[in-house]
$ cat run.csv   # CSV, C-alpha atoms
chain,number,residue,atom,x,y,z
A,1,GLU,CA,-32.4,-28.7,3.2
A,2,PRO,CA,-30.1,-27.0,5.8
A,3,ILE,CA,-26.4,-27.5,5.3
A,4,GLU,CA,-24.9,-29.7,7.9
A,5,ILE,CA,-21.4,-28.4,8.4
A,6,SER,CA,-20.1,-31.7,9.8
A,7,ASN,CA,-20.9,-33.3,6.5
A,8,LEU,CA,-19.0,-30.9,4.3
A,9,THR,CA,-15.4,-31.1,3.0
A,10,LEU,CA,-13.4,-28.0,2.4
A,11,ASP,CA,-13.3,-28.9,-1.3
A,12,GLU,CA,-17.0,-27.9,-1.5
A,13,ASP,CA,-16.0,-24.2,-1.1
A,14,ILE,CA,-18.5,-23.5,1.6
A,15,TYR,CA,-17.4,-19.9,1.7
A,16,TRP,CA,-19.3,-19.3,-1.5
A,17,LYS,CA,-22.5,-21.0,-0.4
A,18,PRO,CA,-25.2,-19.2,1.5
A,19,VAL,CA,-25.5,-19.9,5.2
A,20,LYS,CA,-29.0,-21.5,5.4
A,21,VAL,CA,-29.0,-22.2,9.1
A,22,ARG,CA,-27.0,-20.6,11.8
A,23,GLN,CA,-27.6,-20.1,15.5
A,24,GLU,CA,-26.5,-16.5,16.1
A,25,GLU,CA,-26.0,-17.2,19.8
A,26,THR,CA,-23.5,-20.0,19.1
A,27,ASP,CA,-20.1,-19.4,20.8
A,28,LEU,CA,-17.5,-19.6,18.1
A,29,VAL,CA,-14.1,-21.1,18.9
A,30,PRO,CA,-11.3,-18.6,18.0
A,31,LEU,CA,-9.8,-19.5,14.6
A,32,GLU,CA,-6.3,-19.7,16.2
A,33,GLU,CA,-7.5,-22.5,18.5
A,34,ALA,CA,-9.4,-24.2,15.7
A,35,ILE,CA,-6.3,-24.5,13.6
A,36,SER,CA,-4.2,-25.9,16.4
A,37,ILE,CA,-6.7,-28.8,17.2
A,38,ASN,CA,-5.2,-32.1,16.4
A,39,ASP,CA,-8.4,-33.9,15.3
A,40,THR,CA,-8.7,-33.2,11.6
A,41,ALA,CA,-12.5,-33.4,11.3
A,42,THR,CA,-13.0,-31.1,14.4
A,43,ARG,CA,-10.5,-28.6,13.1
A,44,ARG,CA,-12.2,-28.4,9.7
A,45,LYS,CA,-15.6,-28.0,11.3
A,46,LEU,CA,-14.4,-25.2,13.7
A,47,MET,CA,-12.5,-23.4,10.9
A,48,LEU,CA,-15.7,-23.2,8.8
A,49,GLU,CA,-17.8,-22.0,11.7
A,50,SER,CA,-15.2,-19.4,12.6
A,51,LEU,CA,-15.0,-18.1,9.1
A,52,TYR,CA,-18.7,-17.7,8.6
A,53,ASP,CA,-18.5,-14.3,10.4
A,54,ASN,CA,-15.9,-12.4,8.5
A,55,PRO,CA,-12.9,-14.2,7.0
A,56,SER,CA,-11.0,-10.9,6.5
A,57,LYS,CA,-10.7,-10.6,10.3
A,58,TYR,CA,-8.5,-13.7,10.3
A,59,ILE,CA,-6.1,-13.0,7.5
A,60,ASP,CA,-3.0,-13.5,9.7
A,61,VAL,CA,-4.3,-16.8,11.0
A,62,LEU,CA,-5.3,-17.9,7.5
A,63,MET,CA,-1.7,-17.1,6.3
A,64,GLU,CA,-0.4,-19.4,9.1
A,65,ALA,CA,-3.0,-22.1,8.2
A,66,ARG,CA,-1.5,-22.4,4.7
A,67,ARG,CA,1.5,-24.0,6.4
A,68,ASN,CA,-0.7,-26.6,8.3
A,69,ASP,CA,0.1,-30.3,7.9
A,70,ASP,CA,-3.5,-31.0,6.8
A,71,ILE,CA,-3.8,-30.6,3.1
A,72,GLU,CA,-7.5,-29.6,3.2
A,73,THR,CA,-6.8,-27.0,5.9
A,74,VAL,CA,-4.2,-25.6,3.6
A,75,HIS,CA,-6.5,-25.7,0.6
A,76,TYR,CA,-9.3,-23.9,2.4
A,77,ALA,CA,-7.1,-21.2,3.8
A,78,SER,CA,-5.6,-20.6,0.4
A,79,THR,CA,-9.0,-20.4,-1.4
A,80,THR,CA,-10.4,-18.1,1.3
A,81,ILE,CA,-7.4,-15.8,1.0
A,82,SER,CA,-7.9,-15.8,-2.8
A,83,LYS,CA,-11.6,-14.9,-2.3
A,84,ILE,CA,-10.7,-12.0,0.0
A,85,GLN,CA,-8.2,-10.8,-2.5
A,86,ARG,CA,-10.7,-11.0,-5.3
A,87,ASP,CA,-13.3,-9.1,-3.3
A,88,PHE,CA,-10.8,-6.3,-2.7
A,89,GLN,CA,-9.9,-6.1,-6.4
A,90,LEU,CA,-13.6,-6.0,-7.5
A,91,GLU,CA,-14.4,-3.3,-4.9
A,92,ILE,CA,-11.4,-1.2,-6.0
A,93,GLN,CA,-12.4,-1.6,-9.6
A,94,ARG,CA,-16.0,-0.6,-8.8
A,95,LEU,CA,-14.9,2.5,-6.9
A,96,SER,CA,-12.4,3.5,-9.5
A,97,VAL,CA,-15.2,3.6,-12.1
A,98,GLU,CA,-17.5,5.6,-9.7
A,99,VAL,CA,-14.6,8.1,-9.0
A,100,GLU,CA,-14.1,8.6,-12.7
A,101,ASN,CA,-17.9,9.2,-13.2
A,102,ASN,CA,-18.1,11.5,-10.1
A,103,PRO,CA,-14.9,13.6,-10.2
A,104,ASP,CA,-16.2,16.2,-7.7
A,105,ASP,CA,-17.3,13.6,-5.0
A,106,ILE,CA,-14.5,13.9,-2.5
A,107,ALA,CA,-16.3,11.5,0.0
A,108,LEU,CA,-16.3,8.8,-2.7
A,109,LEU,CA,-12.6,9.4,-3.5
A,110,ASP,CA,-11.9,9.1,0.2
A,111,GLN,CA,-13.7,5.8,0.2
A,112,TYR,CA,-11.6,4.6,-2.8
A,113,ILE,CA,-8.4,5.7,-1.0
A,114,GLU,CA,-9.4,3.9,2.2
A,115,THR,CA,-10.2,0.7,0.4
A,116,ILE,CA,-6.9,0.6,-1.4
A,117,GLN,CA,-5.2,1.2,1.9
A,118,GLN,CA,-7.1,-1.6,3.6
A,119,TYR,CA,-6.0,-3.9,0.8
A,120,ILE,CA,-2.4,-2.9,1.2
A,121,ASP,CA,-2.5,-3.2,5.0
A,122,CYS,CA,-4.2,-6.7,5.0
A,123,ASP,CA,-0.8,-8.4,4.4
A,124,ILE,CA,-1.9,-10.8,1.7
A,125,LEU,CA,-0.1,-9.0,-1.1
A,126,GLU,CA,3.5,-9.6,-2.1
A,127,ASP,CA,6.1,-8.2,-4.4
A,128,TYR,CA,4.6,-7.1,-7.8
A,129,LEU,CA,1.0,-7.0,-6.7
A,130,LEU,CA,1.8,-5.0,-3.5
A,131,ASN,CA,4.0,-2.6,-5.5
A,132,ARG,CA,1.2,-2.1,-8.1
A,133,GLN,CA,-1.4,-1.3,-5.4
A,134,ARG,CA,1.0,1.2,-3.8
A,135,LEU,CA,1.4,3.0,-7.1
A,136,LEU,CA,-2.4,3.1,-7.4
A,137,PHE,CA,-2.6,4.4,-3.9
A,138,ASN,CA,-0.1,7.1,-4.7
A,139,GLU,CA,-2.1,8.2,-7.8
A,140,ALA,CA,-5.3,8.3,-5.7
A,141,LEU,CA,-3.7,10.4,-3.0
A,142,LEU,CA,-2.3,12.8,-5.6
A,143,ARG,CA,-5.8,13.1,-7.1
A,144,ARG,CA,-7.2,13.8,-3.7
A,145,THR,CA,-4.7,16.7,-3.3
A,146,ASN,CA,-5.4,18.1,-6.7
A,147,ARG,CA,-9.2,17.9,-6.2
A,148,ALA,CA,-9.5,19.0,-2.6
A,149,GLY,CA,-6.4,20.9,-1.8
A,150,ILE,CA,-3.5,20.1,0.6
A,151,ASP,CA,-4.5,18.0,3.6
A,152,LYS,CA,-2.0,17.1,6.3
A,153,GLU,CA,-3.2,13.5,6.8
A,154,VAL,CA,-3.3,12.8,3.1
A,155,LEU,CA,0.3,14.1,2.7
A,156,ILE,CA,1.5,11.9,5.6
A,157,LYS,CA,-0.1,8.8,3.9
A,158,LYS,CA,1.6,9.8,0.7
A,159,ILE,CA,5.0,10.1,2.6
A,160,ASN,CA,4.6,6.7,4.2
A,161,ASN,CA,3.6,5.1,0.9
A,162,ASN,CA,6.6,6.7,-0.9
A,163,ILE,CA,8.9,5.3,1.9
A,164,ALA,CA,7.5,1.9,1.2
A,165,LEU,CA,8.1,2.4,-2.6
A,166,GLY,CA,11.6,3.5,-1.9
A,167,ASP,CA,10.9,6.9,-3.4
A,168,TYR,CA,12.6,8.9,-0.7
A,169,GLN,CA,13.0,12.1,-2.7
A,170,ALA,CA,9.2,12.3,-3.2
A,171,ALA,CA,8.8,11.7,0.5
A,172,PHE,CA,11.3,14.5,1.4
A,173,ASP,CA,9.5,16.8,-1.0
A,174,ASP,CA,6.2,16.2,0.8
A,175,CYS,CA,7.9,16.7,4.1
A,176,SER,CA,9.1,20.1,3.0
A,177,LEU,CA,5.6,21.0,2.1
A,178,LEU,CA,4.4,19.9,5.5
A,179,GLN,CA,7.1,21.9,7.2
A,180,GLU,CA,6.1,25.1,5.3
A,181,LEU,CA,2.4,24.7,6.2
A,182,TRP,CA,2.6,23.3,9.7
A,183,PRO,CA,6.1,24.3,11.0
A,184,GLU,CA,5.5,23.6,14.7
A,185,ASP,CA,3.4,20.4,14.3
A,186,GLU,CA,5.2,17.5,16.0
A,187,GLN,CA,3.9,14.9,13.7
A,188,VAL,CA,5.3,16.8,10.7
A,189,TRP,CA,8.8,16.5,12.2
A,190,ILE,CA,8.4,12.9,13.3
A,191,GLU,CA,7.5,12.0,9.7
A,192,THR,CA,10.5,14.0,8.5
A,193,VAL,CA,12.8,12.1,10.9
A,194,ARG,CA,11.3,8.8,9.7
A,195,VAL,CA,12.2,9.6,6.1
A,196,CYS,CA,15.7,10.4,7.1
A,197,VAL,CA,16.1,7.2,9.0
A,198,GLU,CA,14.4,5.0,6.4
A,199,SER,CA,16.6,6.5,3.6
A,200,ARG,CA,19.7,6.3,5.9
A,201,ASP,CA,20.4,9.9,5.1
A,202,PHE,CA,22.1,10.8,8.4
A,203,GLN,CA,23.4,14.1,7.1
A,204,LYS,CA,19.8,15.1,6.5
A,205,LEU,CA,18.9,13.8,9.9
A,206,HIS,CA,21.5,16.0,11.5
A,207,GLU,CA,20.1,19.0,9.7
A,208,VAL,CA,16.5,18.2,10.7
A,209,ILE,CA,17.4,17.7,14.3
A,210,LYS,CA,19.2,21.1,14.3
A,211,ILE,CA,16.1,22.7,12.9
A,212,ILE,CA,13.9,21.0,15.5
A,213,ASP,CA,16.1,22.4,18.3
A,214,GLY,CA,15.3,25.9,17.2
A,215,LEU,CA,11.5,25.4,17.2
A,216,SER,CA,9.0,25.7,20.0
A,217,ILE,CA,7.2,22.4,19.4
A,218,GLN,CA,4.9,20.9,22.0
A,219,TRP,CA,6.0,17.3,22.1
A,220,ASN,CA,4.0,14.5,23.7
A,221,ASN,CA,6.0,12.1,25.8
A,222,THR,CA,6.4,9.4,23.2
A,223,ASN,CA,7.7,11.7,20.5
A,224,ARG,CA,9.9,13.6,22.9
A,225,LYS,CA,11.7,10.4,23.8
A,226,LEU,CA,12.0,9.4,20.1
A,227,ILE,CA,13.6,12.7,19.2
A,228,GLN,CA,15.9,12.5,22.1
A,229,GLU,CA,17.0,9.1,21.1
A,230,TRP,CA,17.9,10.4,17.6
A,231,LYS,CA,19.7,13.4,19.1
A,232,GLU,CA,21.9,11.0,21.2
A,233,LYS,CA,22.6,8.8,18.2
A,234,ARG,CA,23.6,11.8,16.2
A,235,GLN,CA,26.2,12.6,18.8
A,236,GLN,CA,27.7,9.1,18.8
$ encode --input "run.csv" --output "structure tokens"
Amino acid sequence: EPIEISNLTLDEDIYWKPVKVRQEETDLVPLEEAISINDTATRRKLMLESLYDNPSKYIDVLMEARRNDDIETVHYASTTISKIQRDFQLEIQRLSVEVENNPDDIALLDQYIETIQQYIDCDILEDYLLNRQRLLFNEALLRRTNRAGIDKEVLIKKINNNIALGDYQAAFDDCSLLQELWPEDEQVWIETVRVCVESRDFQKLHEVIKIIDGLSIQWNNTNRKLIQEWKEKRQQ
């Protein structure tokens, strides 16, 4: 028999059940609106309908829903977040095994890296779990460099990850490598300035700005304004 969504409670974990009947042309109410509806039964129904599509699209709203006054709304948001988290973990584990079994497959390694980054960026991880994924991400990026050579975008990812981990020396080391290989690339110097700012190393920032002044870098408007702001702050 088709599942009647209006007869379900959130305790039945509909997320794990197959959708037997669904009208593809149905207009879904945005999840943000569904959560704000005062009528409890209507809110639950609309939440379930909205989440059929792709719950991972609504992580920020689900995080907010965990603070809802309705206990079943909180329960469903929490269990859905847990399911998303478990799906990420299983996919990362699967890819990890495949990467080990196919060490020369760079495309597969890139997929592994991208999945870890998506997990980090989805904002459902905190403290220890987030730190553990960042360490795993760092290992995967280092493996990418060792297997396929130095890549600018990979190094930039590694720099930003090390900033988040608080390993500023490693971030500075990678910035130095970027500067050697791409000395007049504006993004290289923006990342270097970012490390200086995040680490609060204003002496290093002073040195970097001085180096930048002696280079012929073609800045876009946004980066030119950013560098100018830091030049002015350096003079204050």
$ atom_distance --input "run.csv" --atom1 "atom CA of Val193 of chain A" --atom2 "atom CA of Glu229 of chain A"
11.4 Å
$ residues_around --input "run.csv" --residues "segment 153-161 of chain A" --least-positions-apart "6" --cutoff "7 Å" --atoms "all atoms listed in the file" --output "short mmCIF file (atom, residue, chain, number, x, y, z; two decimals) with C-alpha atoms, keeping the file's coordinate frame"
data_model
loop_
_atom_site.label_atom_id
_atom_site.label_comp_id
_atom_site.auth_asym_id
_atom_site.auth_seq_id
_atom_site.Cartn_x
_atom_site.Cartn_y
_atom_site.Cartn_z
CA ARG A 134 1.00 1.20 -3.80
CA ASN A 138 -0.10 7.10 -4.70
CA LEU A 141 -3.70 10.40 -3.00
CA ALA A 171 8.80 11.70 0.50
CA ASP A 174 6.20 16.20 0.80
#
$ closest_residue --input "run.csv" --among "A:Leu130, A:Val208, A:Ile116, A:Leu181" --to "Gln93 of chain A" --atoms "all atoms listed in the file"
A:Ile116
$ closest_residue --input "run.csv" --among "A:Gln203, A:Ser216, A:Ser96, A:Ser78" --to "Asp60 of chain A" --atoms "all atoms listed in the file"
A:Ser78
$ atom_distance --input "run.csv" --atom1 "atom CA of Thr192 of chain A" --atom2 "atom CA of Phe172 of chain A"
7.2 Å
$ residues_around --input "run.csv" --residues "Trp219 of chain A" --least-positions-apart "2" --cutoff "10 Å" --atoms "all atoms listed in the file" --output "PyMOL selection string"
chain A and resi 184-187+216-217+221-225+227
$ decode --input "run.csv" --residues "segment 128-142 of chain A" --atoms "N, CA and C atoms" --output "compact mmCIF listing (two decimals), in the first residue's frame"
# COMPACT_ATOMS: atom_id res chain seq x y z
N TYR A 128 36.10 17.57 18.22
CA TYR A 128 36.98 16.43 17.96
C TYR A 128 36.73 15.84 16.57
N LEU A 129 35.44 15.63 16.22
CA LEU A 129 35.14 15.02 14.93
C LEU A 129 35.59 15.90 13.77
N LEU A 130 35.40 17.21 13.91
CA LEU A 130 35.83 18.14 12.86
C LEU A 130 37.35 18.12 12.73
N ASN A 131 38.03 18.15 13.86
CA ASN A 131 39.49 18.13 13.84
C ASN A 131 40.02 16.84 13.21
N ARG A 132 39.37 15.72 13.53
CA ARG A 132 39.80 14.44 12.96
C ARG A 132 39.64 14.42 11.45
N GLN A 133 38.55 14.98 10.94
CA GLN A 133 38.35 15.03 9.50
C GLN A 133 39.35 15.97 8.83
N ARG A 134 39.71 17.04 9.51
CA ARG A 134 40.69 17.97 8.94
C ARG A 134 42.07 17.30 8.87
N LEU A 135 42.40 16.50 9.86
CA LEU A 135 43.67 15.78 9.81
C LEU A 135 43.66 14.76 8.68
N LEU A 136 42.53 14.09 8.50
CA LEU A 136 42.39 13.14 7.39
C LEU A 136 42.49 13.86 6.05
N PHE A 137 41.88 15.04 5.97
CA PHE A 137 41.93 15.85 4.76
C PHE A 137 43.37 16.24 4.44
N ASN A 138 44.11 16.60 5.47
CA ASN A 138 45.49 16.99 5.28
C ASN A 138 46.32 15.82 4.73
N GLU A 139 46.08 14.64 5.28
CA GLU A 139 46.79 13.44 4.80
C GLU A 139 46.46 13.15 3.34
N ALA A 140 45.19 13.32 2.98
CA ALA A 140 44.77 13.06 1.60
C ALA A 140 45.40 14.07 0.64
N LEU A 141 45.48 15.33 1.04
CA LEU A 141 46.09 16.36 0.19
C LEU A 141 47.59 16.10 0.03
N LEU A 142 48.23 15.68 1.10
CA LEU A 142 49.66 15.36 1.02
C LEU A 142 49.89 14.17 0.10
